[in-house]
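Structure file target.cif (mmCIF, C-alpha atoms and all ligand atoms) follows.
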```
data_data
#
loop_
_atom_site.label_atom_id
_atom_site.label_comp_id
_atom_site.auth_asym_id
_atom_site.auth_seq_id
_atom_site.Cartn_x
_atom_site.Cartn_y
_atom_site.Cartn_z
CA MET D 1394 149.34 84.66 101.71
CA THR D 1395 147.91 83.75 105.05
CA SER D 1396 148.18 80.26 106.45
CA ILE D 1397 144.82 78.73 107.24
CA THR D 1398 144.87 76.07 109.93
CA HIS D 1399 141.16 75.58 110.71
CA HIS D 1400 139.33 74.11 107.72
CA ILE D 1401 135.82 72.91 106.88
CA PRO D 1402 135.05 69.57 108.57
CA GLU D 1403 134.35 66.73 106.14
CA ASP D 1404 130.66 66.29 107.05
CA LEU D 1405 129.95 69.99 106.47
CA LEU D 1406 131.77 69.95 103.13
CA ILE D 1407 129.79 66.90 101.98
CA ALA D 1408 126.51 68.52 103.06
CA TYR D 1409 127.50 71.69 101.18
CA ALA D 1410 128.46 69.77 98.02
CA ALA D 1411 125.07 68.03 98.14
CA GLY D 1412 123.24 71.36 98.56
CA ASN D 1413 121.97 70.32 101.99
CA LEU D 1414 123.19 73.27 104.07
CA ALA D 1415 120.97 76.09 105.32
CA PRO D 1416 121.78 79.34 103.44
CA ALA D 1417 123.63 80.95 106.38
CA PHE D 1418 126.00 77.96 106.72
CA ALA D 1419 126.35 77.66 102.94
CA LEU D 1420 127.51 81.29 102.89
CA ALA D 1421 130.20 80.60 105.51
CA VAL D 1422 131.39 77.48 103.68
CA ALA D 1423 131.38 79.20 100.25
CA THR D 1424 133.36 82.11 101.71
CA HIS D 1425 135.97 79.83 103.30
CA VAL D 1426 136.25 77.87 100.02
CA SER D 1427 136.86 81.14 98.16
CA MET D 1428 139.80 81.85 100.53
CA CYS D 1429 141.26 78.34 100.83
CA ASP D 1430 142.93 76.33 98.03
CA GLU D 1431 142.89 73.17 100.11
CA CYS D 1432 139.13 73.15 100.74
CA ARG D 1433 138.46 74.23 97.15
CA ALA D 1434 140.29 71.10 95.98
CA ARG D 1435 138.44 68.90 98.50
CA LEU D 1436 135.11 70.38 97.39
CA GLY D 1437 135.98 69.77 93.74
CA ALA D 1438 136.58 66.09 94.51
CA HIS D 1439 133.22 65.80 96.29
CA GLU D 1440 131.37 67.55 93.48
CA GLU D 1441 132.93 65.21 90.89
CA LEU D 1442 131.86 62.24 92.97
CA GLY D 1443 128.35 63.68 93.46
CA GLY D 1444 128.04 64.41 89.73
CA ALA D 1445 129.03 60.83 88.89
CA LEU D 1446 126.39 59.48 91.27
CA ILE D 1447 123.69 61.70 89.78
CA GLU D 1448 124.62 60.57 86.25
CA GLU D 1449 124.39 56.94 87.26
CA GLU D 1450 120.98 57.46 88.82
CA ALA D 1451 119.78 59.38 85.77
CA GLU D 1452 120.79 56.46 83.54
CA ALA D 1453 118.94 54.02 85.72
CA GLU D 1454 115.72 55.71 86.69
CA VAL D 1455 114.88 58.90 84.86
CA SER D 1456 112.42 58.60 82.00
CA ASP D 1457 113.27 59.98 78.55
CA ASP D 1458 110.50 62.52 78.94
CA LEU D 1459 111.93 63.94 82.15
CA LYS D 1460 115.43 63.91 80.65
CA ALA D 1461 114.17 65.92 77.69
CA ARG D 1462 112.53 68.45 79.98
CA VAL D 1463 115.69 68.78 82.07
CA TRP D 1464 117.78 69.37 78.95
CA ASP D 1465 115.26 71.94 77.71
CA ALA D 1466 115.49 73.75 81.02
CA LEU D 1467 119.28 73.71 80.81
CA ASP D 1468 119.11 75.13 77.28
CA ALA D 1469 116.80 77.96 78.30
CA PRO D 1470 118.60 81.29 78.57
CA LEU D 1471 119.57 81.97 82.14
CA VAL D 1472 118.51 85.18 83.77
CA PRO D 1473 121.83 86.96 84.10
CA GLU D 1474 122.71 86.91 87.76
CA LYS D 1475 124.56 89.83 89.18
CA THR D 1476 127.94 88.74 90.42
CA TYR D 1477 130.30 90.59 92.67
CA ALA D 1478 134.06 90.52 92.97
CA ARG D 1479 136.00 90.49 96.19
CA SER D 1480 136.21 93.99 97.67
CA GLY D 1481 138.81 94.81 100.34
CA ILE D 1482 138.62 92.15 103.01
CA PHE D 1483 135.23 90.87 101.81
CA PRO D 1484 135.34 87.82 99.50
CA ALA D 1485 132.88 87.56 96.61
CA PRO D 1486 130.24 85.47 98.46
CA VAL D 1487 130.11 88.10 101.24
CA MET D 1488 129.93 90.92 98.70
CA GLU D 1489 127.00 89.10 97.13
CA ALA D 1490 125.26 88.91 100.53
CA LEU D 1491 125.97 92.63 100.94
CA GLY D 1492 124.45 93.38 97.53
CA GLY D 1493 127.75 94.93 96.50
CA LEU D 1494 127.56 97.66 99.15
CA PRO D 1495 129.86 98.27 102.13
CA PRO D 1496 128.49 96.90 105.43
CA LYS D 1497 126.06 99.04 107.44
CA TRP D 1498 127.31 98.43 110.98
CA LYS D 1499 125.06 98.63 114.04
CA SER D 1500 126.74 99.24 117.38
CA LEU D 1501 126.38 96.57 120.08
CA GLY D 1502 128.25 98.74 122.60
CA LEU D 1503 131.92 98.88 123.70
CA GLY D 1504 133.02 99.27 120.08
CA VAL D 1505 131.57 95.93 119.01
CA ARG D 1506 129.46 96.18 115.86
CA GLN D 1507 127.45 93.84 113.72
CA MET D 1508 125.57 93.75 110.47
CA ILE D 1509 122.89 91.11 109.98
CA LEU D 1510 123.10 89.67 106.46
CA SER D 1511 120.20 87.26 106.77
CA TYR D 1512 117.86 86.21 109.53
CA GLY D 1513 115.24 83.50 109.37
CA PRO D 1514 113.93 80.23 110.80
CA THR D 1515 116.79 78.17 109.33
CA GLY D 1516 119.49 80.40 110.79
CA SER D 1517 121.19 83.73 110.53
CA ALA D 1518 124.35 85.17 109.05
CA ARG D 1519 126.02 88.31 110.28
CA LEU D 1520 129.26 90.23 110.11
CA LEU D 1521 130.87 91.02 113.44
CA TYR D 1522 133.40 93.78 114.09
CA ILE D 1523 135.33 93.33 117.33
CA PRO D 1524 138.00 95.92 118.24
CA GLY D 1525 141.43 94.52 119.20
CA GLY D 1526 141.47 93.23 122.78
CA MET D 1527 137.67 93.12 123.03
CA GLY D 1528 135.63 90.01 123.53
CA VAL D 1529 132.32 88.54 122.53
CA PRO D 1530 130.46 87.76 125.78
CA ASP D 1531 130.86 84.23 127.13
CA HIS D 1532 128.14 82.10 125.57
CA GLY D 1533 127.06 78.60 124.75
CA HIS D 1534 125.23 77.43 121.65
CA ASN D 1535 121.81 75.93 121.12
CA GLY D 1536 122.90 74.61 117.75
CA LEU D 1537 125.78 75.06 115.35
CA GLU D 1538 127.84 78.23 114.97
CA LEU D 1539 130.37 78.80 112.18
CA THR D 1540 132.72 81.76 112.55
CA LEU D 1541 135.03 82.71 109.70
CA VAL D 1542 137.73 85.36 110.21
CA LEU D 1543 137.99 87.98 107.44
CA GLN D 1544 140.37 90.41 109.18
CA GLY D 1545 142.50 90.27 112.32
CA ALA D 1546 142.35 87.26 114.63
CA PHE D 1547 140.64 85.96 117.76
CA ARG D 1548 141.41 83.40 120.40
CA ASP D 1549 139.20 81.31 122.61
CA GLU D 1550 139.36 78.14 124.68
CA THR D 1551 139.88 76.06 121.53
CA GLY D 1552 142.76 77.98 119.91
CA ARG D 1553 143.72 80.88 117.66
CA TYR D 1554 141.79 81.82 114.54
CA GLY D 1555 143.38 84.08 111.91
CA VAL D 1556 142.23 85.23 108.46
CA GLY D 1557 140.51 82.38 106.62
CA ASP D 1558 140.19 80.16 109.69
CA LEU D 1559 136.76 78.67 110.36
CA GLU D 1560 135.67 77.85 113.89
CA VAL D 1561 132.93 75.24 114.27
CA ALA D 1562 131.17 75.56 117.64
CA THR D 1563 128.49 73.10 118.65
CA GLY D 1564 126.07 72.83 121.53
CA ASP D 1565 128.59 71.49 124.02
CA LEU D 1566 131.09 74.35 123.66
CA GLU D 1567 130.99 77.39 125.96
CA HIS D 1568 133.51 79.93 124.77
CA GLU D 1569 134.54 83.52 125.08
CA PRO D 1570 136.25 84.66 121.88
CA VAL D 1571 138.62 87.62 122.34
CA ALA D 1572 140.00 89.65 119.42
CA GLU D 1573 143.79 89.88 119.34
CA ASP D 1574 145.40 93.26 119.84
CA GLY D 1575 145.89 95.10 116.56
CA PRO D 1576 143.38 95.69 113.78
CA ALA D 1577 139.75 94.94 114.62
CA CYS D 1578 138.70 91.34 114.13
CA ILE D 1579 136.00 91.12 111.45
CA CYS D 1580 134.19 87.80 111.19
CA LEU D 1581 131.37 86.22 109.28
CA ALA D 1582 129.24 84.27 111.77
CA ALA D 1583 126.47 81.81 110.88
CA THR D 1584 124.17 80.18 113.42
CA ASP D 1585 121.11 77.93 113.22
CA ALA D 1586 119.84 78.81 116.69
CA SER D 1587 120.22 81.70 119.08
CA LEU D 1588 123.24 81.79 121.37
CA ARG D 1589 122.92 81.24 125.10
CA PHE D 1590 124.60 84.01 127.04
CA ARG D 1591 125.58 83.41 130.62
CA SER D 1592 125.51 86.93 131.93
CA PHE D 1593 122.39 88.98 132.41
CA ILE D 1594 122.93 92.04 130.24
CA PRO D 1595 123.68 90.33 126.93
CA ARG D 1596 120.66 88.12 127.59
CA LEU D 1597 118.59 91.23 128.00
CA LEU D 1598 119.87 92.63 124.71
CA GLN D 1599 119.49 89.41 122.80
CA PRO D 1600 115.94 89.96 121.51
CA ILE D 1601 116.86 93.47 120.44
CA PHE D 1602 120.03 92.62 118.56
CA ARG D 1603 118.95 89.15 117.44
CA ILE D 1604 122.29 87.70 118.46
ZN ZN E 1701 140.15 75.23 104.14
ZN ZN E 1702 130.08 81.11 119.85
#
```
So that I can check it, write out the structure of this file as structure tokens.
Ligand code: ZN
Ligand code: ZN
Amino acid sequence: MTSITHHIPEDLLIAYAAGNLAPAFALAVATHVSMCDECRARLGAHEELGGALIEEEAEAEVSDDLKARVWDALDAPLVPEKTYARSGIFPAPVMEALGGLPPKWKSLGLGVRQMILSYGPTGSARLLYIPGGMGVPDHGHNGLELTLVLQGAFRDETGRYGVGDLEVATGDLEHEPVAEDGPACICLAATDASLRFRSFIPRLLQPIFRI
């Protein structure tokens, strides 16, 4: 069992419990929760609280007609959703995003690889593969970036991140994550805006690789 030291901040967990997170961030949070007993328990508490609030509101405001329709909808047979189990280092939520298939890596050069899981106006989610000792170019953030370690570990200006650890980087952080020596560091990264690279070449590549 690995020891997770970087957890989901409270505001993100509350937003997730309320269904208010963009899909890319929700994927990162769901994946951390699937790896972390502590955050699973915290989420459970929030969901209980949220459920209680919804019930109270339903009592107060929702008409009988709407209630009946909601119950009918709940009774309707659900379209069976395909679910995936954890496979290797990839937890179930990541396997779902992969459609049950192994990742199709694209090279970014110098051994660094990525696979884009989703890309859209509300943000993007990708898997990153960084060989031991290699770094992700120094960059700042236009918005929020969540990075969850699935294999190996990386370090940056803010500390060390091992398997299960979630780094939350916001607009004011400039960092240069470097994978620790040893097995490649594989991360799930979610962003709501493109990264700002300081050096010229990554900036040049940015539109091509959609970093
Ligand atoms: Zn946690
Ligand atoms: Zn970053």
For D:His1425, find every residue with an atom within 9 Å (counting only C-alpha atoms), except residues of its own chain fewer than 5 positions away, and show them as a tab-separated table (two decimals) with C-alpha atoms, in the frame of the given file.
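Result saved to around.tsv:
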```
chain	number	residue	atom	x	y	z
D	1400	HIS	CA	139.33	74.11	107.72
D	1401	ILE	CA	135.82	72.91	106.88
D	1420	LEU	CA	127.51	81.29	102.89
D	1432	CYS	CA	139.13	73.15	100.74
D	1433	ARG	CA	138.46	74.23	97.15
D	1484	PRO	CA	135.34	87.82	99.50
D	1541	LEU	CA	135.03	82.71	109.70
D	1557	GLY	CA	140.51	82.38	106.62
D	1558	ASP	CA	140.19	80.16	109.69
D	1559	LEU	CA	136.76	78.67	110.36
```
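Atom CA of D:Ile1523 is found 5.1 Å from atom CA of D:Cys1578.
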> So which residues are near ligand ZN 1702 (chain E), meaning at most 9 Å away with all atoms listed in the file counted, given back as JSON, numbers by chain?
Replying inline: {"D": [1529, 1530, 1531, 1532, 1533, 1534, 1537, 1538, 1539, 1540, 1560, 1561, 1562, 1563, 1566, 1567, 1568, 1569, 1570, 1582, 1584, 1588, 1589]}
> Hey, which of D:Ala1417, D:Leu1491, D:Ile1579, D:Met1527 ends up closest to D:Pro1514? Count all atoms listed in the file.
Replying inline: D:Ala1417
> Within 8 Å of (131.7, 74.1, 104.7), only C-alpha atoms: residues as a VMD selection string?
Replying inline: chain D and resid 1401 to 1403 1405 to 1409 1418 to 1419 1421 to 1423 1425 to 1426
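Between ligand ZN 1701 (chain E) and the candidates D:Leu1494, D:Ala1415, D:Ala1434, D:Leu1581, the tightest atom-to-atom separation, counting all atoms listed in the file, involves D:Ala1434.
You will find atom CA of D:Leu1543 at 6.1 Å from atom CA of D:Ile1482.
Closest to ligand ZN 1701 (chain E) among D:Ala1572, D:Val1556, D:Leu1521, D:Ala1490 is D:Val1556, based on only C-alpha atoms and all ligand atoms.
One finds atom CA of D:Cys1580 at 12.2 Å from atom CA of D:Leu1510.
With only C-alpha atoms as the atoms that count, the minimum distance from D:Pro1576 to the choices D:Gly1536, D:Gly1564, D:Gly1526, D:Pro1495 is reached by D:Gly1526.
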> Out of D:Ala1478, D:Val1542, D:Ala1438, D:Met1508, which residue has the shortest atom-to-atom distance to D:His1399 when counting only C-alpha atoms?
Replying inline: D:Val1542
> Of the candidates D:Asp1585, D:Glu1550, D:Asp1457, D:Glu1431, which shows the shortest atom-to-atom distance to ligand ZN 1701 (chain E), using only C-alpha atoms and all ligand atoms?
Replying inline: D:Glu1431
Specify the axis-aligned box that encloses all atoms of stretch 1526-1532 of chain D listed in the file after padding of 4 Å on each side, stating its centre and edge lengths in Å to one decimal as JSON.
```
{"center_x": 134.8, "center_y": 87.7, "center_z": 124.8, "size_x": 21.3, "size_y": 19.1, "size_z": 12.6}
```
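A search radius of 12 Å centred on (152.1, 91.4, 115.5), applied to all atoms listed in the file, returns the residues D:Gly1525, D:Gly1545, D:Ala1546, D:Gly1555, D:Glu1573, D:Asp1574, D:Gly1575, D:Pro1576.
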>> Which residues are close to D:Gln1507, i.e. within 9 Å by only C-alpha atoms, leaving aside same-chain residues fewer than 6 positions away? Reply as a list in words.
In response: Pro1496, Lys1497, Trp1498, Lys1499, Ser1500, Leu1501, Arg1519, Leu1520, Leu1521, Tyr1522, Ile1523 and Phe1602 of chain D
Same residues, C-alpha atoms, output as a short mmCIF file (atom, residue, chain, number, x, y, z; two decimals), in the coordinates of the input:
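Produced file selection_15.cif, reproduced below:
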```cif
data_model
loop_
_atom_site.label_atom_id
_atom_site.label_comp_id
_atom_site.auth_asym_id
_atom_site.auth_seq_id
_atom_site.Cartn_x
_atom_site.Cartn_y
_atom_site.Cartn_z
CA PRO D 1496 128.49 96.90 105.43
CA LYS D 1497 126.06 99.04 107.44
CA TRP D 1498 127.31 98.43 110.98
CA LYS D 1499 125.06 98.63 114.04
CA SER D 1500 126.74 99.24 117.38
CA LEU D 1501 126.38 96.57 120.08
CA ARG D 1519 126.02 88.31 110.28
CA LEU D 1520 129.26 90.23 110.11
CA LEU D 1521 130.87 91.02 113.44
CA TYR D 1522 133.40 93.78 114.09
CA ILE D 1523 135.33 93.33 117.33
CA PHE D 1602 120.03 92.62 118.56
#
```
